[in-house]
file target18.txt (compact mmCIF, C-alpha atoms)
# COMPACT_ATOMS: atom_id res chain seq x y z
CA MET A 1 39.15 -37.51 -29.87
CA GLY A 2 42.28 -39.41 -30.33
CA ASN A 3 43.97 -36.29 -31.50
CA ALA A 4 46.98 -35.15 -29.57
CA ARG A 5 46.34 -31.58 -30.57
CA LYS A 6 43.21 -30.19 -29.02
CA THR A 7 40.71 -28.36 -31.10
CA PRO A 8 40.37 -24.92 -29.50
CA GLU A 9 37.06 -24.43 -27.75
CA VAL A 10 34.76 -21.57 -28.52
CA ARG A 11 35.90 -18.80 -26.26
CA ALA A 12 33.31 -18.19 -23.60
CA ASP A 13 35.13 -15.66 -21.47
CA SER A 14 33.66 -12.67 -23.22
CA GLN A 15 30.19 -14.00 -22.57
CA ALA A 16 30.67 -13.14 -18.92
CA ASP A 17 31.41 -9.55 -19.86
CA ILE A 18 28.25 -9.34 -21.92
CA ALA A 19 26.22 -10.78 -19.08
CA PHE A 20 27.84 -8.33 -16.68
CA LEU A 21 26.90 -5.47 -18.95
CA LEU A 22 23.28 -6.59 -19.02
CA LEU A 23 23.36 -7.06 -15.27
CA ILE A 24 24.64 -3.56 -14.70
CA PHE A 25 22.01 -2.17 -17.04
CA PHE A 26 19.25 -3.83 -15.03
CA LEU A 27 20.80 -2.74 -11.76
CA VAL A 28 20.68 0.86 -12.91
CA ALA A 29 17.39 0.91 -14.77
CA THR A 30 15.20 -0.89 -12.29
CA THR A 31 14.12 -0.42 -8.73
CA MET A 32 13.75 -2.99 -6.03
CA ASN A 33 10.91 -1.47 -4.06
CA SER A 34 7.76 -3.42 -4.48
CA ASP A 35 4.72 -1.30 -3.94
CA LYS A 36 3.13 -1.96 -0.65
CA GLY A 37 0.72 0.09 1.30
CA LEU A 38 -2.43 0.41 3.28
CA SER A 39 -5.43 0.20 0.99
CA ARG A 40 -8.38 2.42 1.65
CA VAL A 41 -11.52 3.42 -0.17
CA LEU A 42 -12.49 7.07 0.00
CA PRO A 43 -16.14 7.99 0.38
CA PRO A 44 -17.60 9.49 -2.80
CA LEU A 45 -18.08 13.22 -2.74
CA PRO A 46 -21.71 14.24 -2.36
CA PRO A 47 -23.00 16.22 -5.35
CA GLU A 48 -22.60 19.93 -4.76
CA ASP A 49 -26.18 20.95 -5.43
CA VAL A 50 -27.51 18.48 -2.91
CA LYS A 51 -27.58 19.76 0.59
CA VAL A 52 -25.42 17.62 2.79
CA GLU A 53 -27.46 16.15 5.55
CA ASP A 54 -25.63 14.69 8.42
CA ALA A 55 -26.05 11.02 8.02
CA LYS A 56 -28.07 9.86 10.95
CA VAL A 57 -25.70 7.63 12.77
CA LYS A 58 -26.33 6.76 16.34
CA GLU A 59 -23.71 7.86 18.74
CA ARG A 60 -23.02 4.35 19.93
CA ASN A 61 -22.17 3.31 16.40
CA VAL A 62 -19.30 5.74 15.96
CA LEU A 63 -15.85 5.54 17.42
CA LEU A 64 -14.22 8.89 16.95
CA VAL A 65 -10.46 8.71 16.72
CA PHE A 66 -8.91 12.13 16.74
CA VAL A 67 -5.23 12.91 16.30
CA ASN A 68 -4.01 16.39 17.10
CA ALA A 69 -1.02 18.28 15.78
CA ALA A 70 1.21 17.03 18.57
CA GLY A 71 0.42 13.45 17.63
CA GLN A 72 -1.75 12.87 20.68
CA LEU A 73 -4.58 10.48 20.32
CA MET A 74 -8.13 10.49 21.46
CA ALA A 75 -10.45 7.53 20.97
CA GLY A 76 -14.07 7.76 21.99
CA ASP A 77 -13.84 10.30 24.76
CA GLU A 78 -10.63 9.25 26.40
CA SER A 79 -7.10 10.14 25.50
CA MET A 80 -5.14 7.10 24.61
CA ASP A 81 -1.76 5.70 23.80
CA ILE A 82 -1.26 4.26 20.32
CA ARG A 83 -0.61 0.87 21.91
CA GLY A 84 -4.08 0.71 23.35
CA LEU A 85 -5.87 1.72 20.18
CA LYS A 86 -5.97 -1.69 18.56
CA ASP A 87 -7.69 -3.35 21.48
CA LYS A 88 -10.09 -0.47 21.83
CA ALA A 89 -10.97 -0.76 18.14
CA LYS A 90 -11.34 -4.53 18.39
CA GLU A 91 -13.68 -4.22 21.31
CA PHE A 92 -15.64 -1.64 19.35
CA ILE A 93 -15.91 -3.85 16.26
CA LEU A 94 -16.80 -7.05 18.07
CA ASN A 95 -18.81 -5.75 21.02
CA PRO A 96 -18.51 -9.17 22.62
CA MET A 97 -20.70 -8.38 25.62
CA ASP A 98 -23.44 -6.64 23.62
CA ASP A 99 -22.74 -3.49 25.58
CA GLU A 100 -25.32 -0.77 25.13
CA ASN A 101 -22.67 1.84 24.51
CA LEU A 102 -20.95 -0.14 21.80
CA PRO A 103 -22.24 -0.59 18.23
CA GLU A 104 -25.41 -2.37 17.34
CA LYS A 105 -25.30 -5.55 15.34
CA LYS A 106 -27.58 -6.51 12.55
CA ASP A 107 -28.09 -10.12 11.59
CA THR A 108 -27.15 -10.43 7.97
CA GLU A 109 -27.40 -13.39 5.67
CA ILE A 110 -24.17 -14.04 3.86
CA ASP A 111 -23.82 -16.46 0.97
CA LEU A 112 -21.15 -19.03 1.54
CA PRO A 113 -19.09 -20.52 -1.29
CA ASP A 114 -20.75 -23.91 -0.81
CA GLY A 115 -24.15 -22.36 -1.51
CA SER A 116 -25.49 -22.29 2.02
CA LYS A 117 -26.46 -19.23 3.99
CA TRP A 118 -24.71 -17.98 7.06
CA THR A 119 -26.29 -15.56 9.45
CA TYR A 120 -23.81 -13.35 11.20
CA PRO A 121 -24.42 -10.32 13.40
CA VAL A 122 -22.63 -7.66 11.38
CA SER A 123 -21.53 -4.68 13.40
CA GLU A 124 -22.97 -1.33 12.43
CA GLY A 125 -20.00 0.50 13.87
CA VAL A 126 -17.95 3.03 11.97
CA ILE A 127 -14.55 4.22 13.06
CA SER A 128 -14.17 7.85 12.18
CA LEU A 129 -10.63 9.10 11.91
CA GLN A 130 -10.09 12.81 12.18
CA THR A 131 -6.93 14.82 12.05
CA THR A 132 -5.95 18.45 12.01
CA ARG A 133 -4.07 19.91 9.08
CA ASP A 134 -0.92 19.94 11.18
CA THR A 135 -0.98 16.32 12.19
CA SER A 136 2.04 14.53 10.84
CA TYR A 137 1.51 11.89 8.18
CA GLU A 138 3.62 9.43 10.11
CA VAL A 139 1.26 9.44 13.08
CA TYR A 140 -1.70 9.23 10.74
CA ILE A 141 -0.30 6.11 9.08
CA MET A 142 0.51 4.67 12.47
CA VAL A 143 -3.12 5.10 13.51
CA GLN A 144 -4.40 3.75 10.20
CA ASN A 145 -2.11 0.78 10.66
CA GLU A 146 -3.46 0.06 14.13
CA LEU A 147 -7.02 0.24 12.83
CA SER A 148 -6.14 -2.14 9.99
CA ARG A 149 -4.55 -4.43 12.50
CA ALA A 150 -7.70 -4.45 14.60
CA PHE A 151 -9.83 -5.34 11.57
CA ASN A 152 -7.40 -7.99 10.40
CA GLU A 153 -7.30 -9.61 13.80
CA VAL A 154 -11.08 -9.63 14.05
CA ARG A 155 -11.27 -11.16 10.57
CA ASP A 156 -8.77 -13.81 11.57
CA GLN A 157 -10.82 -14.55 14.63
CA VAL A 158 -14.08 -14.85 12.72
CA ALA A 159 -12.41 -16.88 9.98
CA MET A 160 -11.02 -19.22 12.61
CA GLN A 161 -14.47 -19.73 14.10
CA LYS A 162 -16.18 -20.20 10.78
CA PHE A 163 -13.70 -21.95 8.55
CA GLY A 164 -11.04 -23.09 10.97
CA SER A 165 -8.15 -21.25 9.37
CA LEU A 166 -6.69 -17.78 9.23
CA PHE A 167 -8.11 -15.14 6.91
CA SER A 168 -5.02 -15.14 4.72
CA GLU A 169 -5.30 -18.89 4.16
CA LEU A 170 -8.89 -18.86 2.96
CA THR A 171 -10.06 -19.18 -0.61
CA GLU A 172 -11.19 -16.05 -2.37
CA ASP A 173 -14.90 -16.84 -1.92
CA GLN A 174 -14.50 -17.56 1.76
CA ARG A 175 -12.55 -14.38 2.10
CA SER A 176 -15.26 -12.29 0.55
CA ALA A 177 -17.78 -13.86 2.94
CA ILE A 178 -15.64 -12.85 5.90
CA THR A 179 -15.16 -9.41 4.42
CA LYS A 180 -18.93 -9.04 4.33
CA ALA A 181 -19.19 -10.20 7.92
CA VAL A 182 -16.48 -7.82 9.09
CA PRO A 183 -16.48 -4.84 6.75
CA GLN A 184 -13.59 -2.46 7.18
CA LYS A 185 -15.53 0.65 8.02
CA ILE A 186 -13.04 3.43 8.53
CA SER A 187 -14.38 6.82 7.67
CA GLU A 188 -11.80 9.37 6.72
CA ALA A 189 -13.48 12.62 7.42
CA GLU A 190 -12.16 15.96 6.32
CA PRO A 191 -10.13 17.79 8.89
CA ARG A 192 -12.07 19.62 11.51
CA LYS A 193 -13.78 22.77 10.42
CA GLY A 194 -12.36 25.92 11.89
CA ILE A 195 -8.86 24.62 11.77
CA LYS A 196 -8.93 24.97 8.02
CA LYS A 197 -7.50 28.29 6.96
CA MET B 1 37.83 -39.34 -21.28
CA LYS B 2 41.41 -39.51 -20.38
CA LYS B 3 42.91 -42.72 -19.22
CA SER B 4 43.40 -42.92 -15.50
CA GLY B 5 46.77 -41.85 -14.29
CA ASP B 6 47.36 -39.95 -17.48
CA LYS B 7 48.37 -36.45 -16.34
CA LYS B 8 49.93 -34.57 -19.12
CA GLU B 9 49.07 -30.99 -18.25
CA VAL B 10 47.33 -29.14 -15.45
CA PRO B 11 44.21 -27.65 -17.01
CA ALA B 12 43.55 -23.97 -16.44
CA ILE B 13 40.58 -23.20 -14.19
CA SER B 14 37.61 -23.15 -16.45
CA THR B 15 35.69 -19.89 -16.59
CA ALA B 16 33.07 -21.44 -18.83
CA SER B 17 30.51 -21.46 -16.02
CA LEU B 18 31.08 -17.81 -15.12
CA PRO B 19 28.61 -16.53 -17.71
CA ASP B 20 26.02 -18.93 -16.34
CA VAL B 21 26.50 -17.58 -12.85
CA ILE B 22 26.25 -14.01 -14.05
CA PHE B 23 23.18 -14.85 -16.11
CA MET B 24 21.60 -16.32 -13.02
CA ILE B 25 22.17 -13.10 -11.11
CA LEU B 26 20.87 -11.19 -14.13
CA PHE B 27 17.67 -13.21 -14.24
CA PHE B 28 17.23 -12.71 -10.53
CA PHE B 29 17.35 -8.96 -10.98
CA MET B 30 15.14 -9.04 -14.04
CA VAL B 31 12.45 -10.93 -12.16
CA SER B 32 12.62 -9.21 -8.80
CA THR B 33 12.85 -5.58 -9.88
CA THR B 34 10.68 -3.25 -11.85
CA MET B 35 11.58 -0.59 -14.35
CA ARG B 36 11.99 2.90 -13.04
CA GLU B 37 8.96 4.71 -14.31
CA GLN B 38 9.71 8.27 -13.48
CA GLU B 39 12.44 10.40 -12.16
CA LEU B 40 11.73 11.41 -8.62
CA LEU B 41 11.74 15.12 -8.02
CA VAL B 42 10.86 14.81 -4.38
CA ARG B 43 12.60 13.01 -1.62
CA TYR B 44 10.54 10.88 0.68
CA LYS B 45 10.98 8.38 3.41
CA LEU B 46 7.86 6.30 3.55
CA PRO B 47 6.31 5.63 6.93
CA SER B 48 6.40 2.06 8.15
CA ALA B 49 3.43 -0.12 8.90
CA THR B 50 2.82 -3.74 9.67
CA GLU B 51 -0.43 -4.38 7.82
CA VAL B 52 0.72 -3.46 4.34
CA GLN B 53 -0.71 -5.18 1.32
CA LYS B 54 0.94 -5.57 -2.02
CA LEU B 55 -0.53 -3.58 -4.86
CA GLU B 56 -1.72 -6.16 -7.33
CA LYS B 57 -1.64 -4.80 -10.85
CA LYS B 58 1.07 -2.28 -11.52
CA SER B 59 -0.53 -1.04 -14.72
CA LEU B 60 -3.61 0.08 -12.83
CA VAL B 61 -1.70 2.12 -10.30
CA SER B 62 -1.05 5.83 -10.57
CA TYR B 63 1.38 7.53 -8.28
CA VAL B 64 1.15 10.77 -6.40
CA ASN B 65 4.47 11.64 -4.82
CA ILE B 66 4.57 14.12 -1.98
CA GLY B 67 7.73 15.31 -0.30
CA VAL B 68 10.46 17.88 -0.12
CA PRO B 69 12.01 18.69 -3.53
CA VAL B 70 15.37 17.03 -4.17
CA SER B 71 18.38 19.18 -3.38
CA HIS B 72 19.12 20.46 -6.90
CA MET B 73 15.49 21.56 -7.26
CA GLN B 74 15.35 23.36 -3.97
CA ALA B 75 16.81 26.58 -5.34
CA LYS B 76 13.85 26.85 -7.65
CA TYR B 77 11.05 25.23 -5.68
CA GLY B 78 12.01 25.72 -2.06
CA THR B 79 11.95 23.22 0.72
CA ALA B 80 8.25 23.06 1.47
CA PRO B 81 6.66 19.71 0.60
CA ARG B 82 5.40 19.58 -2.97
CA ILE B 83 3.26 17.26 -5.04
CA GLN B 84 4.83 15.53 -8.00
CA LEU B 85 2.63 14.13 -10.73
CA ASN B 86 4.33 12.43 -13.65
CA ASP B 87 7.53 14.39 -14.15
CA SER B 88 6.76 17.79 -12.76
CA PHE B 89 5.64 19.63 -9.68
CA LYS B 90 1.94 20.25 -9.52
CA THR B 91 -0.58 21.55 -7.07
CA ALA B 92 -3.54 19.72 -5.63
CA LYS B 93 -5.75 21.45 -8.21
CA ASP B 94 -4.05 19.54 -11.04
CA ILE B 95 -4.93 16.15 -9.64
CA GLY B 96 -8.29 16.09 -11.40
CA ASP B 97 -6.62 16.45 -14.80
CA PHE B 98 -3.96 13.94 -13.88
CA ILE B 99 -6.52 11.34 -12.86
CA GLY B 100 -8.50 12.00 -16.03
CA ALA B 101 -5.42 11.45 -18.17
CA GLU B 102 -4.43 8.32 -16.29
CA ARG B 103 -7.93 6.97 -16.56
CA ASP B 104 -8.02 7.54 -20.31
CA GLN B 105 -4.99 5.31 -20.70
CA LEU B 106 -6.79 2.35 -19.19
CA ASN B 107 -9.35 0.36 -21.03
CA GLU B 108 -12.99 0.55 -20.05
CA ALA B 109 -13.03 -2.62 -17.99
CA ASP B 110 -10.07 -1.69 -15.85
CA ARG B 111 -11.11 1.82 -14.96
CA ALA B 112 -13.04 0.83 -11.87
CA GLN B 113 -9.98 -0.98 -10.61
CA MET B 114 -7.73 2.03 -10.87
CA THR B 115 -5.77 2.66 -7.71
CA VAL B 116 -3.91 5.77 -6.68
CA SER B 117 -0.85 5.18 -4.58
CA ILE B 118 0.02 8.11 -2.34
CA LYS B 119 3.71 8.10 -1.71
CA ALA B 120 4.24 10.71 0.90
CA ASP B 121 7.12 11.53 3.16
CA GLN B 122 6.49 10.62 6.75
CA TYR B 123 7.17 14.16 7.95
CA THR B 124 4.56 15.70 5.68
CA LYS B 125 1.68 17.42 7.39
CA MET B 126 -1.81 16.05 6.91
CA GLY B 127 -3.03 19.30 5.35
CA ILE B 128 -1.48 18.60 1.96
CA ILE B 129 -2.56 14.94 2.13
CA THR B 130 -6.11 15.97 2.90
CA ASP B 131 -6.13 18.37 -0.05
CA VAL B 132 -4.97 15.53 -2.28
CA LYS B 133 -7.62 13.22 -0.87
CA GLN B 134 -10.34 15.79 -1.45
CA GLU B 135 -9.23 16.24 -5.05
CA LEU B 136 -9.18 12.49 -5.54
CA ARG B 137 -12.71 12.28 -4.23
CA ARG B 138 -13.71 15.04 -6.59
CA ALA B 139 -12.10 13.15 -9.47
CA ASN B 140 -13.90 10.03 -8.30
CA ALA B 141 -10.70 8.07 -7.85
CA LEU B 142 -11.70 6.41 -4.63
CA LYS B 143 -9.39 3.45 -4.40
CA ILE B 144 -6.23 4.62 -2.77
CA SER B 145 -3.26 3.12 -1.08
CA TYR B 146 -0.99 4.84 1.39
CA ALA B 147 2.44 3.61 0.43
CA ALA B 148 4.38 2.31 3.38
CA ILE B 149 7.31 0.09 4.09
CA GLU B 150 6.81 -3.10 5.96
CA GLY B 151 8.25 -2.80 9.42
CA GLU B 152 7.62 -2.02 13.02
CA ALA B 153 5.06 0.71 13.31
CA TYR B 154 6.11 2.06 16.68
call {"tool": "encode", "arguments": {"input": "target18.txt", "output": "structure tokens"}}
result
Amino acid sequence: MGNARKTPEVRADSQADIAFLLLIFFLVATTMNSDKGLSRVLPPLPPEDVKVEDAKVKERNVLLVFVNAAGQLMAGDESMDIRGLKDKAKEFILNPMDDENLPEKKDTEIDLPDGSKWTYPVSEGVISLQTTRDTSYEVYIMVQNELSRAFNEVRDQVAMQKFGSLFSELTEDQRSAITKAVPQKISEAEPRKGIKK
Amino acid sequence: MKKSGDKKEVPAISTASLPDVIFMILFFFMVSTTMREQELLVRYKLPSATEVQKLEKKSLVSYVNIGVPVSHMQAKYGTAPRIQLNDSFKTAKDIGDFIGAERDQLNEADRAQMTVSIKADQYTKMGIITDVKQELRRANALKISYAAIEGEAY
């Protein structure tokens, strides 16, 4: 452009205003919170015409965690602080010493992604979480979180032994193998009878 | 290009890149946020937990909100915790219908993957949560997620 007079450029200053408008629209119309939470699977309801038989579970295979209305915690038959629950649950899941009072293990064959079989003593233990109707949700989630943490740490441990890396770093197939070896068995029973109005 | 040493006028600061900057912020918000799906009628502060997992497919998630009605609704509905389904207050009895309707919206293959996210205030009592859980079991919606914020649990 040898011209002394400049050709006026296309005005771009209003473009900023348009972009601002769009920005403000998205700020108002959207939310930031990504949905996160503790995933659980509820047990299916038994059909009403079938008489409910108490599932025959051996006493050693159940860890009863009970939370009362005051937020106090009982695990097994001892009262307990929330800080101790994770280790108690881990000990219950793993039963490292093959203690007679802790859950049985059943050798189970698990298919590995590479096609081979892997025999792992899968714990038969179930953690049963009971609350009253007056227990606060916050404490309940706290307890659920500790139980999740116990299972996740055990899974990490088993994954480390088997595959040499943490559970979260495994492939999907490896992960499902570990999930079979350490199933997250948390039973969410109905609140205690008698407390119900 | 101008010749070197040729300074005829001081150019005004160019605002030509301003739209680009704003667009960048815009794209950031478009990517990182989600559309508001419903107006909240209850107020809740989610409990915090450390082991939270992200809910994978948003389209397969239905929400059950539980909490104290927002202040302008309190005259009509009181201050006791209520259940909100879609855009209105409901009772635990309505959950069956709600799940049925939500399930109908999904296609056959996705129905087993349907997840119900329970967004409940941390000060709610377990009674109402248990009622909701029982209704969910009755409606055979067994995959649930207790919504929580990531953070220190205690």
call {"tool": "atom_distance", "arguments": {"input": "target18.txt", "atom1": "atom CA of B:Val61", "atom2": "atom CA of B:Gln134"}}
result
18.4 Å
call {"tool": "closest_atom_pairs", "arguments": {"input": "target18.txt", "of": "chain B", "to": "chain A", "cutoff": "7 Å", "atoms": "all atoms listed in the file", "output": "JSON lines"}}
result
{"residue": "B:Thr15", "atom": "CA", "partner": "A:Asp13", "partner_atom": "CA", "distance": 6.5}
{"residue": "B:Ala16", "atom": "CA", "partner": "A:Ala12", "partner_atom": "CA", "distance": 5.8}
{"residue": "B:Leu18", "atom": "CA", "partner": "A:Ala16", "partner_atom": "CA", "distance": 6.0}
{"residue": "B:Pro19", "atom": "CA", "partner": "A:Ala16", "partner_atom": "CA", "distance": 4.1}
{"residue": "B:Ile22", "atom": "CA", "partner": "A:Ala19", "partner_atom": "CA", "distance": 6.0}
{"residue": "B:Phe23", "atom": "CA", "partner": "A:Ala19", "partner_atom": "CA", "distance": 5.9}
{"residue": "B:Leu26", "atom": "CA", "partner": "A:Leu23", "partner_atom": "CA", "distance": 5.0}
{"residue": "B:Phe29", "atom": "CA", "partner": "A:Phe26", "partner_atom": "CA", "distance": 6.8}
{"residue": "B:Met30", "atom": "CA", "partner": "A:Phe26", "partner_atom": "CA", "distance": 6.7}
{"residue": "B:Ser32", "atom": "CA", "partner": "A:Met32", "partner_atom": "CA", "distance": 6.9}
{"residue": "B:Thr33", "atom": "CA", "partner": "A:Met32", "partner_atom": "CA", "distance": 4.7}
{"residue": "B:Thr34", "atom": "CA", "partner": "A:Thr30", "partner_atom": "CA", "distance": 5.1}
{"residue": "B:Met35", "atom": "CA", "partner": "A:Thr30", "partner_atom": "CA", "distance": 4.2}
{"residue": "B:Arg36", "atom": "CA", "partner": "A:Thr30", "partner_atom": "CA", "distance": 5.0}
{"residue": "B:Pro47", "atom": "CA", "partner": "A:Glu138", "partner_atom": "CA", "distance": 5.6}
{"residue": "B:Ala49", "atom": "CA", "partner": "A:Asn145", "partner_atom": "CA", "distance": 5.9}
{"residue": "B:Thr50", "atom": "CA", "partner": "A:Asn145", "partner_atom": "CA", "distance": 6.8}
{"residue": "B:Glu51", "atom": "CA", "partner": "A:Asn145", "partner_atom": "CA", "distance": 6.1}
{"residue": "B:Val52", "atom": "CA", "partner": "A:Gly37", "partner_atom": "CA", "distance": 4.7}
{"residue": "B:Gln53", "atom": "CA", "partner": "A:Lys36", "partner_atom": "CA", "distance": 5.4}
{"residue": "B:Lys54", "atom": "CA", "partner": "A:Lys36", "partner_atom": "CA", "distance": 4.4}
{"residue": "B:Leu55", "atom": "CA", "partner": "A:Asp35", "partner_atom": "CA", "distance": 5.8}
{"residue": "B:Gln122", "atom": "CA", "partner": "A:Glu138", "partner_atom": "CA", "distance": 4.6}
{"residue": "B:Tyr123", "atom": "CA", "partner": "A:Ser136", "partner_atom": "CA", "distance": 5.9}
{"residue": "B:Thr124", "atom": "CA", "partner": "A:Tyr137", "partner_atom": "CA", "distance": 5.5}
{"residue": "B:Lys125", "atom": "CA", "partner": "A:Ser136", "partner_atom": "CA", "distance": 4.5}
{"residue": "B:Met126", "atom": "CA", "partner": "A:Arg133", "partner_atom": "CA", "distance": 5.0}
{"residue": "B:Gly127", "atom": "CA", "partner": "A:Arg133", "partner_atom": "CA", "distance": 3.9}
{"residue": "B:Thr130", "atom": "CA", "partner": "A:Glu190", "partner_atom": "CA", "distance": 6.9}
{"residue": "B:Arg137", "atom": "CA", "partner": "A:Leu45", "partner_atom": "CA", "distance": 5.7}
{"residue": "B:Arg138", "atom": "CA", "partner": "A:Leu45", "partner_atom": "CA", "distance": 6.1}
{"residue": "B:Asn140", "atom": "CA", "partner": "A:Pro44", "partner_atom": "CA", "distance": 6.7}
{"residue": "B:Leu142", "atom": "CA", "partner": "A:Leu42", "partner_atom": "CA", "distance": 4.7}
{"residue": "B:Lys143", "atom": "CA", "partner": "A:Val41", "partner_atom": "CA", "distance": 4.7}
{"residue": "B:Ile144", "atom": "CA", "partner": "A:Arg40", "partner_atom": "CA", "distance": 5.4}
{"residue": "B:Ser145", "atom": "CA", "partner": "A:Ser39", "partner_atom": "CA", "distance": 4.2}
{"residue": "B:Tyr146", "atom": "CA", "partner": "A:Leu38", "partner_atom": "CA", "distance": 5.0}
{"residue": "B:Ala147", "atom": "CA", "partner": "A:Gly37", "partner_atom": "CA", "distance": 4.0}
{"residue": "B:Ala148", "atom": "CA", "partner": "A:Gly37", "partner_atom": "CA", "distance": 4.8}
{"residue": "B:Ile149", "atom": "CA", "partner": "A:Lys36", "partner_atom": "CA", "distance": 6.6}
{"residue": "B:Ala153", "atom": "CA", "partner": "A:Met142", "partner_atom": "CA", "distance": 6.1}
call {"tool": "residues_around", "arguments": {"input": "target18.txt", "residues": "stretch 80-92 of chain B", "least_positions_apart": "3", "cutoff": "10 Å", "atoms": "only C-alpha atoms", "output": "ChimeraX atom specification"}}
result
/B:37-44,62-69,74,77,95-96,98-99,119-121,123-125,128-136
call {"tool": "atom_distance", "arguments": {"input": "target18.txt", "atom1": "atom CA of A:Asn101", "atom2": "atom CA of A:Arg60"}}
result
5.2 Å
call {"tool": "closest_residue", "arguments": {"input": "target18.txt", "among": "A:Val122, A:Met97, A:Leu166, A:Leu129", "to": "A:Val65", "atoms": "only C-alpha atoms"}}
result
A:Leu129
call {"tool": "residues_around", "arguments": {"input": "target18.txt", "residues": "A:Glu100", "least_positions_apart": "4", "cutoff": "12 Å", "atoms": "all atoms listed in the file", "output": "MDAnalysis selection string"}}
result
chainID A and resid 58:61 92 95:96 104:105
call {"tool": "atom_distance", "arguments": {"input": "target18.txt", "atom1": "atom CA of A:Gln72", "atom2": "atom CA of A:Ile127"}}
result
17.2 Å
